[in-house]
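Q: To be precise about what I am sending: the file is called start_16.csv and holds CSV, C-alpha atoms.
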```csv
chain,number,residue,atom,x,y,z
F,30,MET,CA,0.0,0.0,0.0
F,31,PRO,CA,1.6,3.3,-1.1
F,32,ALA,CA,1.9,6.2,1.4
F,33,ASP,CA,-0.6,9.0,0.9
F,34,SER,CA,0.3,12.6,0.3
F,35,ASN,CA,-1.4,14.0,3.4
F,36,GLU,CA,1.8,14.6,5.2
F,37,LYS,CA,3.5,17.8,6.3
F,38,PRO,CA,7.0,18.2,7.7
F,39,PHE,CA,6.9,19.6,11.2
F,40,LYS,CA,9.4,21.6,13.3
F,41,ILE,CA,8.7,22.6,16.9
F,42,ALA,CA,8.6,26.4,16.9
F,43,ILE,CA,7.2,27.8,20.2
F,44,SER,CA,6.3,31.5,19.8
F,45,ASP,CA,8.1,34.2,21.6
F,46,GLU,CA,4.7,35.1,23.1
F,47,GLN,CA,4.3,31.7,24.7
F,48,LEU,CA,7.8,31.9,26.1
F,49,SER,CA,7.1,35.3,27.5
F,50,LEU,CA,3.9,34.2,29.2
F,51,LEU,CA,5.7,31.2,30.7
F,52,SER,CA,8.4,33.6,32.1
F,53,LYS,CA,5.8,35.8,33.6
F,54,LYS,CA,4.0,32.9,35.3
F,55,LEU,CA,7.2,31.5,36.7
F,56,ALA,CA,8.1,35.0,38.1
F,57,LEU,CA,4.9,35.0,40.1
F,58,HIS,CA,5.2,31.5,41.5
F,59,VAL,CA,4.5,30.8,45.2
F,60,LEU,CA,5.8,27.6,46.8
F,61,PRO,CA,4.3,25.9,49.9
F,62,ASP,CA,6.1,25.1,53.1
F,63,GLU,CA,7.4,21.6,53.7
F,64,LEU,CA,7.3,19.5,56.9
F,65,GLU,CA,10.7,19.2,58.6
F,66,GLY,CA,12.7,16.2,57.3
F,67,ALA,CA,9.9,15.3,54.8
F,68,GLY,CA,12.2,14.7,51.8
F,69,LYS,CA,9.9,13.2,49.1
F,70,LYS,CA,7.7,11.3,51.6
F,71,TYR,CA,4.8,13.6,50.9
F,72,GLY,CA,5.5,14.2,47.2
F,73,ALA,CA,8.1,16.2,45.2
F,74,SER,CA,10.6,17.7,47.6
F,75,LEU,CA,10.8,21.4,48.1
F,76,THR,CA,14.5,21.4,47.6
F,77,ASP,CA,14.2,19.8,44.2
F,78,VAL,CA,11.3,22.0,43.1
F,79,ARG,CA,13.1,25.3,44.1
F,80,ARG,CA,16.1,24.3,42.1
F,81,LEU,CA,14.1,23.3,39.0
F,82,VAL,CA,11.9,26.4,39.1
F,83,SER,CA,14.9,28.6,39.4
F,84,ARG,CA,16.6,26.8,36.5
F,85,TRP,CA,13.4,27.0,34.4
F,86,GLN,CA,12.9,30.7,35.2
F,87,ASN,CA,16.5,32.0,34.9
F,88,SER,CA,18.7,29.8,32.7
F,89,PHE,CA,16.9,27.0,31.0
F,90,ASP,CA,17.3,27.4,27.2
F,91,TRP,CA,14.2,26.1,25.5
F,92,ARG,CA,15.4,27.3,22.1
F,93,LYS,CA,18.4,25.1,22.4
F,94,GLU,CA,16.4,22.1,23.4
F,95,GLU,CA,13.8,22.8,20.7
F,96,ALA,CA,16.6,22.9,18.1
F,97,ARG,CA,18.1,19.6,19.4
F,98,ILE,CA,14.7,17.8,19.2
F,99,ASN,CA,14.1,19.1,15.7
F,100,GLU,CA,17.6,18.0,14.6
F,101,GLU,CA,17.4,14.5,16.1
F,102,LEU,CA,13.8,13.6,15.4
F,103,PRO,CA,12.2,13.8,11.9
F,104,GLN,CA,8.7,15.0,12.6
F,105,PHE,CA,5.5,15.3,10.6
F,106,THR,CA,1.8,15.9,10.9
F,107,ARG,CA,-1.1,14.5,9.0
F,108,ASP,CA,-4.9,14.6,9.2
F,109,ILE,CA,-6.6,11.3,10.4
F,110,ASP,CA,-10.3,10.7,10.4
F,111,VAL,CA,-11.6,9.1,13.5
F,112,GLU,CA,-15.0,7.5,13.3
F,113,GLY,CA,-17.5,9.6,15.3
F,114,HIS,CA,-14.9,12.1,16.2
F,115,GLY,CA,-14.1,14.0,13.0
F,116,THR,CA,-10.6,14.7,11.8
F,117,LEU,CA,-7.6,15.1,14.1
F,118,ASN,CA,-4.2,16.5,13.0
F,119,ILE,CA,-1.7,14.0,14.4
F,120,HIS,CA,2.0,14.7,15.1
F,121,TYR,CA,4.5,11.9,14.8
F,122,VAL,CA,8.2,11.0,14.3
F,123,HIS,CA,9.0,8.8,11.3
F,124,GLN,CA,12.4,7.6,10.2
F,125,LYS,CA,13.2,4.7,7.9
F,126,SER,CA,16.2,2.5,8.2
F,127,GLU,CA,18.7,2.2,5.4
F,128,VAL,CA,17.6,-1.5,5.2
F,129,ASP,CA,14.8,-1.8,2.7
F,130,ASN,CA,13.5,-4.9,4.5
F,131,ALA,CA,13.5,-3.3,7.9
F,132,ILE,CA,10.5,-4.2,10.1
F,133,PRO,CA,7.9,-1.4,10.4
F,134,MET,CA,7.4,-0.6,14.1
F,135,LEU,CA,4.9,1.8,15.7
F,136,PHE,CA,6.2,3.1,19.1
F,137,VAL,CA,3.4,4.4,21.4
F,138,HIS,CA,4.2,6.4,24.6
F,139,GLY,CA,2.2,6.9,27.7
F,140,TRP,CA,1.8,9.4,30.5
F,141,PRO,CA,3.6,11.4,31.7
F,142,GLY,CA,5.8,10.8,28.7
F,143,SER,CA,5.5,11.8,25.1
F,144,PHE,CA,7.0,11.2,21.7
F,145,ILE,CA,10.3,12.3,23.3
F,146,GLU,CA,10.6,8.8,24.8
F,147,VAL,CA,11.6,7.4,21.4
F,148,ARG,CA,14.7,9.6,21.3
F,149,LYS,CA,17.2,7.1,22.6
F,150,ILE,CA,15.9,3.9,21.0
F,151,LEU,CA,15.4,5.4,17.5
F,152,PRO,CA,19.1,5.3,16.4
F,153,LEU,CA,19.5,1.8,17.9
F,154,LEU,CA,16.4,0.4,16.1
F,155,LEU,CA,17.4,2.0,12.8
F,156,ASN,CA,20.9,0.5,12.9
F,157,PRO,CA,21.4,-2.6,10.8
F,158,GLY,CA,23.7,-5.4,11.7
F,159,PRO,CA,24.5,-9.0,10.6
F,160,ASP,CA,23.2,-10.3,13.9
F,161,HIS,CA,20.2,-8.2,14.5
F,162,PRO,CA,17.2,-6.8,12.6
F,163,ALA,CA,16.6,-3.2,11.8
F,164,PHE,CA,13.3,-1.3,12.0
F,165,HIS,CA,11.5,1.5,10.3
F,166,VAL,CA,10.3,3.6,13.2
F,167,VAL,CA,7.1,5.6,13.7
F,168,ALA,CA,6.4,7.3,17.1
F,169,LEU,CA,3.1,9.1,17.3
F,170,SER,CA,2.0,11.8,19.7
F,171,LEU,CA,-1.2,10.4,21.1
F,172,PRO,CA,-4.2,12.7,20.5
F,173,GLY,CA,-4.1,15.3,23.3
F,174,TYR,CA,-0.4,14.9,23.8
F,175,GLY,CA,2.6,16.8,22.4
F,176,PHE,CA,1.8,18.4,19.2
F,177,SER,CA,-1.2,16.3,18.2
F,178,GLN,CA,-4.7,17.8,18.3
F,179,GLY,CA,-6.8,16.7,21.2
F,180,PRO,CA,-10.2,15.0,21.0
F,181,LYS,CA,-13.1,17.5,21.1
F,182,LEU,CA,-15.9,15.0,21.9
F,183,GLN,CA,-16.5,12.7,24.8
F,184,GLY,CA,-16.0,9.0,24.4
F,185,PHE,CA,-12.6,9.0,22.9
F,186,LYS,CA,-11.5,5.6,24.3
F,187,SER,CA,-8.8,3.0,23.6
F,188,ALA,CA,-10.6,1.9,20.4
F,189,GLN,CA,-10.3,5.4,19.0
F,190,TYR,CA,-6.6,5.7,20.0
F,191,ALA,CA,-6.1,2.3,18.3
F,192,GLU,CA,-7.8,3.5,15.2
F,193,VAL,CA,-5.5,6.5,15.0
F,194,GLY,CA,-2.4,4.3,15.4
F,195,ASN,CA,-3.5,1.8,12.7
F,196,LYS,CA,-4.6,4.5,10.2
F,197,LEU,CA,-1.3,6.3,10.7
F,198,MET,CA,0.7,3.2,9.8
F,199,LEU,CA,-1.5,2.5,6.8
F,200,ALA,CA,-1.2,6.1,5.6
F,201,LEU,CA,2.6,5.7,5.8
F,202,GLY,CA,2.4,2.7,3.5
F,203,TYR,CA,2.9,0.1,6.2
F,204,GLU,CA,0.1,-2.4,5.5
F,205,LYS,CA,1.6,-4.8,8.1
F,206,TYR,CA,3.6,-3.8,11.1
F,207,VAL,CA,4.6,-4.5,14.7
F,208,THR,CA,4.2,-2.3,17.8
F,209,GLN,CA,6.0,-1.4,21.1
F,210,GLY,CA,4.5,0.4,24.0
F,211,GLY,CA,4.5,1.0,27.7
F,212,ASP,CA,2.0,2.6,30.0
F,213,TRP,CA,-0.9,3.9,27.9
F,214,GLY,CA,1.1,2.6,24.9
F,215,SER,CA,0.5,-0.9,26.2
F,216,ILE,CA,-3.2,-0.3,26.5
F,217,VAL,CA,-3.5,1.2,23.0
F,218,THR,CA,-1.3,-1.4,21.3
F,219,ARG,CA,-3.2,-4.2,23.0
F,220,GLN,CA,-6.4,-2.8,21.6
F,221,MET,CA,-4.8,-2.5,18.2
F,222,ALA,CA,-3.8,-6.2,18.4
F,223,ASN,CA,-7.4,-6.9,19.2
F,224,MET,CA,-8.9,-4.8,16.4
F,225,TYR,CA,-6.3,-5.2,13.7
F,226,GLY,CA,-4.3,-8.3,14.8
F,227,ASN,CA,-3.0,-10.6,12.1
F,228,LYS,CA,-4.4,-8.4,9.4
F,229,HIS,CA,-2.3,-5.3,10.0
F,230,LEU,CA,-0.7,-5.6,13.4
F,231,MET,CA,1.4,-8.8,13.2
F,232,ALA,CA,3.0,-8.8,16.7
F,233,TRP,CA,3.3,-6.5,19.7
F,234,HIS,CA,5.8,-6.0,22.5
F,235,THR,CA,5.2,-4.2,25.8
F,236,ASN,CA,7.1,-3.3,28.9
F,237,PHE,CA,3.9,-2.8,30.8
F,238,LEU,CA,1.8,-6.0,30.6
F,239,LEU,CA,-1.4,-5.5,32.5
F,240,THR,CA,-2.8,-8.8,33.8
F,241,THR,CA,-5.8,-9.9,35.7
F,242,PRO,CA,-6.3,-13.2,37.6
F,243,PRO,CA,-6.9,-16.1,35.2
F,244,THR,CA,-9.8,-17.1,37.4
F,245,PRO,CA,-11.8,-15.1,40.0
F,246,THR,CA,-10.0,-17.1,42.8
F,247,SER,CA,-6.5,-17.0,41.3
F,248,LYS,CA,-3.8,-15.9,43.7
F,249,PRO,CA,-0.1,-15.2,43.0
F,250,LEU,CA,2.2,-18.1,43.9
F,251,PRO,CA,4.0,-17.8,47.3
F,252,GLU,CA,7.4,-17.3,45.6
F,253,GLU,CA,5.8,-14.5,43.5
F,254,LEU,CA,4.5,-12.7,46.6
F,255,SER,CA,8.1,-12.6,47.9
F,256,ASP,CA,9.4,-11.1,44.7
F,257,PRO,CA,10.6,-7.5,45.3
F,258,ARG,CA,8.5,-6.4,42.4
F,259,ALA,CA,5.4,-7.5,44.3
F,260,ALA,CA,6.2,-5.0,47.1
F,261,ARG,CA,6.8,-2.4,44.4
F,262,GLY,CA,3.3,-2.9,43.0
F,263,GLN,CA,1.8,-2.8,46.5
F,264,TRP,CA,3.6,0.5,47.1
F,265,TYR,CA,2.1,1.9,44.0
F,266,PHE,CA,-1.5,1.0,44.8
F,267,THR,CA,-1.2,2.2,48.4
F,268,GLN,CA,1.0,5.3,48.1
F,269,GLY,CA,1.6,6.1,44.4
F,270,ASN,CA,-1.6,6.2,42.5
F,271,GLY,CA,-3.5,9.2,43.8
F,272,TYR,CA,-3.0,10.9,40.5
F,273,PHE,CA,-4.7,8.0,38.8
F,274,VAL,CA,-7.8,8.3,41.0
F,275,LEU,CA,-8.1,12.0,40.4
F,276,GLN,CA,-7.5,11.9,36.6
F,277,SER,CA,-9.8,9.0,36.1
F,278,THR,CA,-12.7,10.6,38.0
F,279,GLN,CA,-12.4,14.4,37.9
F,280,PRO,CA,-9.8,15.3,35.3
F,281,GLN,CA,-11.3,18.7,34.7
F,282,THR,CA,-10.6,19.7,38.3
F,283,ILE,CA,-6.9,19.1,38.2
F,284,GLY,CA,-6.9,20.4,34.6
F,285,TYR,CA,-7.3,24.0,35.8
F,286,SER,CA,-4.1,23.8,37.9
F,287,LEU,CA,-2.1,22.1,35.2
F,288,ALA,CA,-3.2,24.6,32.5
F,289,ASP,CA,-2.6,27.7,34.6
F,290,SER,CA,0.5,26.9,36.7
F,291,PRO,CA,3.8,25.8,35.2
F,292,VAL,CA,5.0,25.0,38.7
F,293,GLY,CA,1.9,22.9,39.4
F,294,LEU,CA,2.5,21.0,36.1
F,295,LEU,CA,6.2,20.5,36.9
F,296,THR,CA,5.5,19.0,40.3
F,297,TRP,CA,2.6,16.8,39.1
F,298,ILE,CA,4.9,15.2,36.6
F,299,TYR,CA,8.4,15.4,38.3
F,300,GLU,CA,7.3,13.3,41.2
F,301,LYS,CA,6.5,10.4,38.8
F,302,LEU,CA,9.8,10.9,36.9
F,303,VAL,CA,11.6,10.3,40.2
F,304,ASN,CA,9.5,7.7,41.8
F,305,TRP,CA,8.8,5.6,38.8
F,306,THR,CA,12.4,5.2,37.6
F,307,ASP,CA,15.3,3.0,38.9
F,308,ASN,CA,17.5,5.8,40.3
F,309,TYR,CA,17.7,7.3,36.8
F,310,PRO,CA,20.1,10.3,37.0
F,311,TRP,CA,17.7,13.0,35.7
F,312,ASP,CA,19.5,16.1,34.5
F,313,ASP,CA,17.5,19.2,35.3
F,314,ASP,CA,17.3,20.2,31.7
F,315,GLU,CA,16.0,16.7,30.8
F,316,VAL,CA,13.2,17.2,33.3
F,317,LEU,CA,12.4,20.7,32.1
F,318,THR,CA,12.3,19.5,28.5
F,319,TRP,CA,9.8,16.8,29.3
F,320,ILE,CA,7.7,19.3,31.3
F,321,SER,CA,7.9,21.9,28.6
F,322,ILE,CA,6.6,19.6,26.0
F,323,TYR,CA,3.4,19.3,28.1
F,324,TRP,CA,3.3,23.0,28.8
F,325,PHE,CA,3.6,24.0,25.2
F,326,SER,CA,1.5,21.0,23.9
F,327,ARG,CA,-1.0,21.8,21.2
F,328,ALA,CA,-4.1,20.8,23.2
F,329,GLY,CA,-2.8,22.2,26.5
F,330,PRO,CA,-1.3,20.6,29.6
F,331,ALA,CA,-4.6,19.3,30.9
F,332,ALA,CA,-5.7,17.5,27.7
F,333,ALA,CA,-3.8,14.3,28.4
F,334,SER,CA,-5.8,13.7,31.7
F,335,TYR,CA,-9.0,13.0,29.9
F,336,MET,CA,-7.6,9.8,28.6
F,337,TYR,CA,-7.7,8.4,32.1
F,338,TYR,CA,-11.4,9.1,32.6
F,339,GLU,CA,-12.5,7.8,29.2
F,340,ILE,CA,-10.6,4.5,29.3
F,341,ASP,CA,-11.0,3.8,33.0
F,342,GLN,CA,-14.7,4.3,32.9
F,343,THR,CA,-15.0,1.3,30.5
F,344,GLY,CA,-13.3,-1.0,33.2
F,345,GLU,CA,-10.8,-1.9,30.6
F,346,ILE,CA,-7.8,-1.4,32.9
F,347,THR,CA,-9.0,-3.6,35.8
F,348,ALA,CA,-11.4,-6.1,34.1
F,349,PRO,CA,-10.3,-9.1,32.1
F,350,PHE,CA,-9.7,-8.0,28.5
F,351,ASN,CA,-12.3,-9.1,26.0
F,352,TRP,CA,-10.3,-10.5,23.1
F,353,THR,CA,-12.3,-10.7,19.9
F,354,THR,CA,-9.5,-11.7,17.5
F,355,GLU,CA,-9.9,-15.3,16.2
F,356,ALA,CA,-6.2,-16.2,16.6
F,357,PRO,CA,-3.8,-14.8,19.2
F,358,VAL,CA,-1.4,-12.1,18.0
F,359,LYS,CA,2.2,-12.8,18.9
F,360,LEU,CA,3.2,-10.9,22.1
F,361,GLY,CA,6.5,-10.1,23.7
F,362,ALA,CA,6.8,-8.8,27.3
F,363,SER,CA,9.8,-7.3,29.1
F,364,SER,CA,9.8,-6.7,32.9
F,365,PHE,CA,11.8,-4.1,34.8
F,366,PRO,CA,12.2,-4.1,38.6
F,367,LYS,CA,11.0,-0.5,39.2
F,368,GLU,CA,7.9,-0.8,37.1
F,369,ILE,CA,4.9,0.4,39.0
F,370,PHE,CA,2.7,-2.7,38.2
F,371,TYR,CA,3.7,-6.2,39.0
F,372,ALA,CA,2.4,-9.0,36.8
F,373,PRO,CA,2.9,-12.4,38.5
F,374,PRO,CA,4.5,-14.8,36.0
F,375,SER,CA,1.8,-17.4,36.6
F,376,TRP,CA,-0.8,-14.9,35.4
F,377,VAL,CA,1.3,-13.7,32.5
F,378,LYS,CA,1.8,-17.2,31.1
F,379,VAL,CA,-1.8,-17.6,30.3
F,380,TYR,CA,-1.8,-14.4,28.3
F,381,ARG,CA,-2.8,-15.3,24.8
F,382,GLY,CA,-0.1,-15.2,22.1
F,383,LEU,CA,2.8,-14.8,24.5
F,384,VAL,CA,6.0,-15.9,22.7
F,385,PHE,CA,8.7,-13.9,24.3
F,386,GLN,CA,9.5,-12.9,27.9
F,387,ALA,CA,12.5,-11.1,29.4
F,388,ASP,CA,13.2,-10.1,33.0
F,389,HIS,CA,15.8,-7.5,33.8
F,390,ASP,CA,17.6,-6.5,37.0
F,391,ARG,CA,17.5,-2.8,36.3
F,392,GLY,CA,15.2,-0.2,34.8
F,393,GLY,CA,11.8,1.3,35.6
F,394,HIS,CA,8.6,2.6,34.1
F,395,PHE,CA,10.2,4.6,31.2
F,396,ALA,CA,12.3,1.7,29.8
F,397,ALA,CA,12.8,3.2,26.4
F,398,TYR,CA,14.4,6.2,28.0
F,399,GLU,CA,16.0,4.7,31.1
F,400,VAL,CA,17.5,1.6,29.6
F,401,PRO,CA,17.2,1.9,25.9
F,402,GLU,CA,19.9,-0.7,25.2
F,403,LEU,CA,18.0,-3.4,27.2
F,404,LEU,CA,14.6,-2.7,25.5
F,405,VAL,CA,16.2,-2.7,22.0
F,406,GLN,CA,18.0,-5.9,22.9
F,407,ASP,CA,14.7,-7.6,23.7
F,408,LEU,CA,13.1,-6.3,20.5
F,409,ARG,CA,16.1,-7.7,18.5
F,410,MET,CA,15.8,-11.0,20.2
F,411,MET,CA,12.0,-11.2,19.6
F,412,PHE,CA,12.1,-10.3,16.0
F,413,GLY,CA,15.6,-11.6,15.1
F,414,LYS,CA,16.5,-14.7,13.1
F,415,ALA,CA,16.4,-16.9,16.1
F,416,GLY,CA,13.4,-15.2,17.7
F,417,PRO,CA,9.8,-16.4,18.0
F,418,ALA,CA,8.5,-13.5,15.9
F,419,TYR,CA,11.1,-13.6,13.1
F,420,GLY,CA,9.5,-13.0,9.7
F,421,VAL,CA,6.1,-12.0,11.2
F,422,VAL,CA,5.8,-9.1,8.7
F,423,PRO,CA,5.9,-10.7,5.2
F,424,ASN,CA,9.0,-9.7,3.2
F,425,LYS,CA,10.2,-7.5,6.1
F,426,SER,CA,12.8,-9.6,7.9
F,427,GLY,CA,14.8,-6.7,9.2
F,428,TYR,CA,18.0,-7.9,7.4
F,429,SER,CA,19.7,-6.8,4.3
F,430,THR,CA,20.1,-10.3,3.0
```
Let me see the structure of the file written as C-alpha cells.

A:
Amino acid sequence: MPADSNEKPFKIAISDEQLSLLSKKLALHVLPDELEGAGKKYGASLTDVRRLVSRWQNSFDWRKEEARINEELPQFTRDIDVEGHGTLNIHYVHQKSEVDNAIPMLFVHGWPGSFIEVRKILPLLLNPGPDHPAFHVVALSLPGYGFSQGPKLQGFKSAQYAEVGNKLMLALGYEKYVTQGGDWGSIVTRQMANMYGNKHLMAWHTNFLLTTPPTPTSKPLPEELSDPRAARGQWYFTQGNGYFVLQSTQPQTIGYSLADSPVGLLTWIYEKLVNWTDNYPWDDDEVLTWISIYWFSRAGPAAASYMYYEIDQTGEITAPFNWTTEAPVKLGASSFPKEIFYAPPSWVKVYRGLVFQADHDRGGHFAAYEVPELLVQDLRMMFGKAGPAYGVVPNKSGYST
C-alpha cells in the first residue's frame, strides 16, 4: 500500500509570546512550606522544586532544546479521520532504516511521557547489523499529547486511539507492522492487536503488561509474593496512584491547575519521573524538556488527563480484557524491577499469544528512555532470526540479505 500525500514536515517552533507568558507565570510562583525532614515522603521535595523552578525561570534554554529535538527527530503531521470524532491532526516521528527490508514498528508512549521517549531507541532500532534486525520507526504523539490535536468530543476511548495508530501506519504505507509500547502505549497497542491483529498488526511488544487473575479465585504463587516487584506494586497501589484516581474521576478539576500553573505541572509530573524510575540520574534540563513539551502542547497541559477518565470508565484497565480476534497475536513482554505494576509470571503465562519474555535487573517505568539498550536488545531477540516473531511481517525480515 503506497503512502498517501497527506503529510507535512513539522518543526517545533514555540512562539516568543508563549515563552514570554511562561516567564511571567514563573516569576509569580509561590511555593508551599514543607514539613521538617519530609524529603519526598509527601511528594516532590521542596529542595528539588526550588532548584528546578529557578533553572526554568532563569537559565533553561528552551530554544536550544527545541533545536536539538528538531535536529534529532524527523517530525511530521497529517490529518486522520476518527469514526464519530471527526478529523484530528496528528504529530509523529518517522524515520526509515537504510535497510529496505526493515520491520515497520509503531512506538506508542504513555503518561507522563510523550514522543520524546523514542529519542534514545530510535538510532538503535534503525541501525542494521548482521546479527540483529533493523526497524523503520514511527512514534506518534497520542491525541491530546505533544503536538497532536486533542479530542473534542466525549467518548474517545482505547478503540479510538487504536484507530489513530492503525490509520497512521496504513497512511505511511505500512500495510503490516509491529508495535512497542509501555503505560498507555501498552493499552493502546493491546487494543490495536485486538482490532487489527493478524491483518495489519502482526506482533506487539510491551514493557507494561497488565494482567488480571486467570480465574476469580487465582492468587499469585508464594514465591511470586516474595518477589521485590510485588512489594513495588503494593507501594504503587497504596501510596503512588493518587494521580490516577483523580485523573480517572475528575480530570477537569486538576486540569485548571495544570493549565494555569507551570510549577503545578512541573511537580505533578516530576514526582513520577523520580518515583517511577530506577534511580535514573535525571538532569534538570532533561526534566524541564519533558515538562515543557506538556506546557507547550498543542491541546494544552490538561488534555492528556481526559484519557484516564475515558478509558478507566470502561473498566478496561482492571477487568479481564475481552479479546475478539480469532487467533492470538504474537506478544513479547519485558519486565523491569522498578515498574509500577507487578504482573505475576503465573498470570502472564496464560496471556494469549505470549511468545517472548525477558526479566531485567534494572530499569523502571520509562524503559525506552532509562535503559534503551535493554529494551532494544529484547526487540532484536524477539524479531531476530532466532526469535519467535522472526519474519512475522511478510518480506520484512529486518535484514539486508

Q: Atom CA of F:Ile43 to atom CA of F:Glu399: how many Å, to one decimal?

A: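 Separation between atom CA of F:Ile43 and atom CA of F:Glu399: 27.0 Å.
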
Q: Give me the residues near F:Gly393 as a PyMOL selection string, where near means some atom within 6 Å (using only C-alpha atoms) and where sequence neighbours in that chain fewer than 5 positions away do not count.

A: chain F and resi 306-307+365+367-368

Q: Take the residues from that selection and put them in a file with C-alpha atoms, as a PDB file, in the frame of the given file.

A:
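To be explicit, this is the file written out as result.pdb:
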```
ATOM      1  CA  THR F 306      12.400   5.200  37.600  1.00  0.00           C
ATOM      2  CA  ASP F 307      15.300   3.000  38.900  1.00  0.00           C
ATOM      3  CA  PHE F 365      11.800  -4.100  34.800  1.00  0.00           C
ATOM      4  CA  LYS F 367      11.000  -0.500  39.200  1.00  0.00           C
ATOM      5  CA  GLU F 368       7.900  -0.800  37.100  1.00  0.00           C
TER       6      GLU F 368
END
```

Q: Just how far from atom CA of F:Gln124 is atom CA of F:Gln104, in Å to one decimal?

A: 8.6 Å

Q: For a quick check of understanding, using only C-alpha atoms, which of F:Lys93, F:Arg381, F:His138, F:Lys196 has the smallest distance to F:Asp212?

A: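 Among the listed residues, the smallest separation from F:Asp212 belongs to F:His138.
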
Q: Distance table requested - stretch 206-270 of chain F against stretch 413-425 of chain F, cut-off 8 Å, all atoms listed in the file: one row per qualifying residue with the closest atom pair and its distance in Å to one decimal, ordered by chain and rising residue number, as CSV.

A:
```
residue,atom,partner,partner_atom,distance
F:Tyr206,CA,F:Val422,CA,6.2
F:Val207,CA,F:Val422,CA,7.7
F:Met231,CA,F:Val421,CA,6.0
F:Ala232,CA,F:Val421,CA,7.1
```

Q: Could you check how far atom CA of F:Ile298 sits from atom CA of F:Gly139, in Å to one decimal?

A: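 If I compute the distance from atom CA of F:Ile298 to atom CA of F:Gly139, I get 12.5 Å.
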
Q: Kindly extract all protein, DNA and RNA residues lying within 10 Å of the coordinates (4.9, 11.2, 24.5) given in the file, considering all atoms listed in the file, and supply them as a list of chain:residue names.

A: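 The distance filter leaves exactly F:Tyr121, F:Phe136, F:Val137, F:His138, F:Gly139, F:Trp140, F:Pro141, F:Gly142, F:Ser143, F:Phe144, F:Ile145, F:Glu146, F:Val147, F:Ala168, F:Leu169, F:Ser170, F:Leu171, F:Gly173, F:Tyr174, F:Gly175, F:Phe176, F:Trp213, F:Gly214, F:Trp319, F:Ile322, F:Tyr323.
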
Q: Please determine, counting all atoms listed in the file, which residue among F:Pro401, F:Gly113, F:Gly72, F:Gly66 has the shortest atom-to-atom distance to F:Ala188.

A: F:Gly113

Q: For F:Val384, which residue out of F:Pro133, F:Pro357, F:Gly179, F:Gly427 is the nearest one, using only C-alpha atoms?

A: F:Pro357

Q: Taking 4 positions as the minimum chain separation for residues in the same chain, which residues sit within 8 Å of F:Pro291 when counting all atoms listed in the file? Answer as a PyMOL selection string.

A: chain F and resi 51+54-55+287+295+324
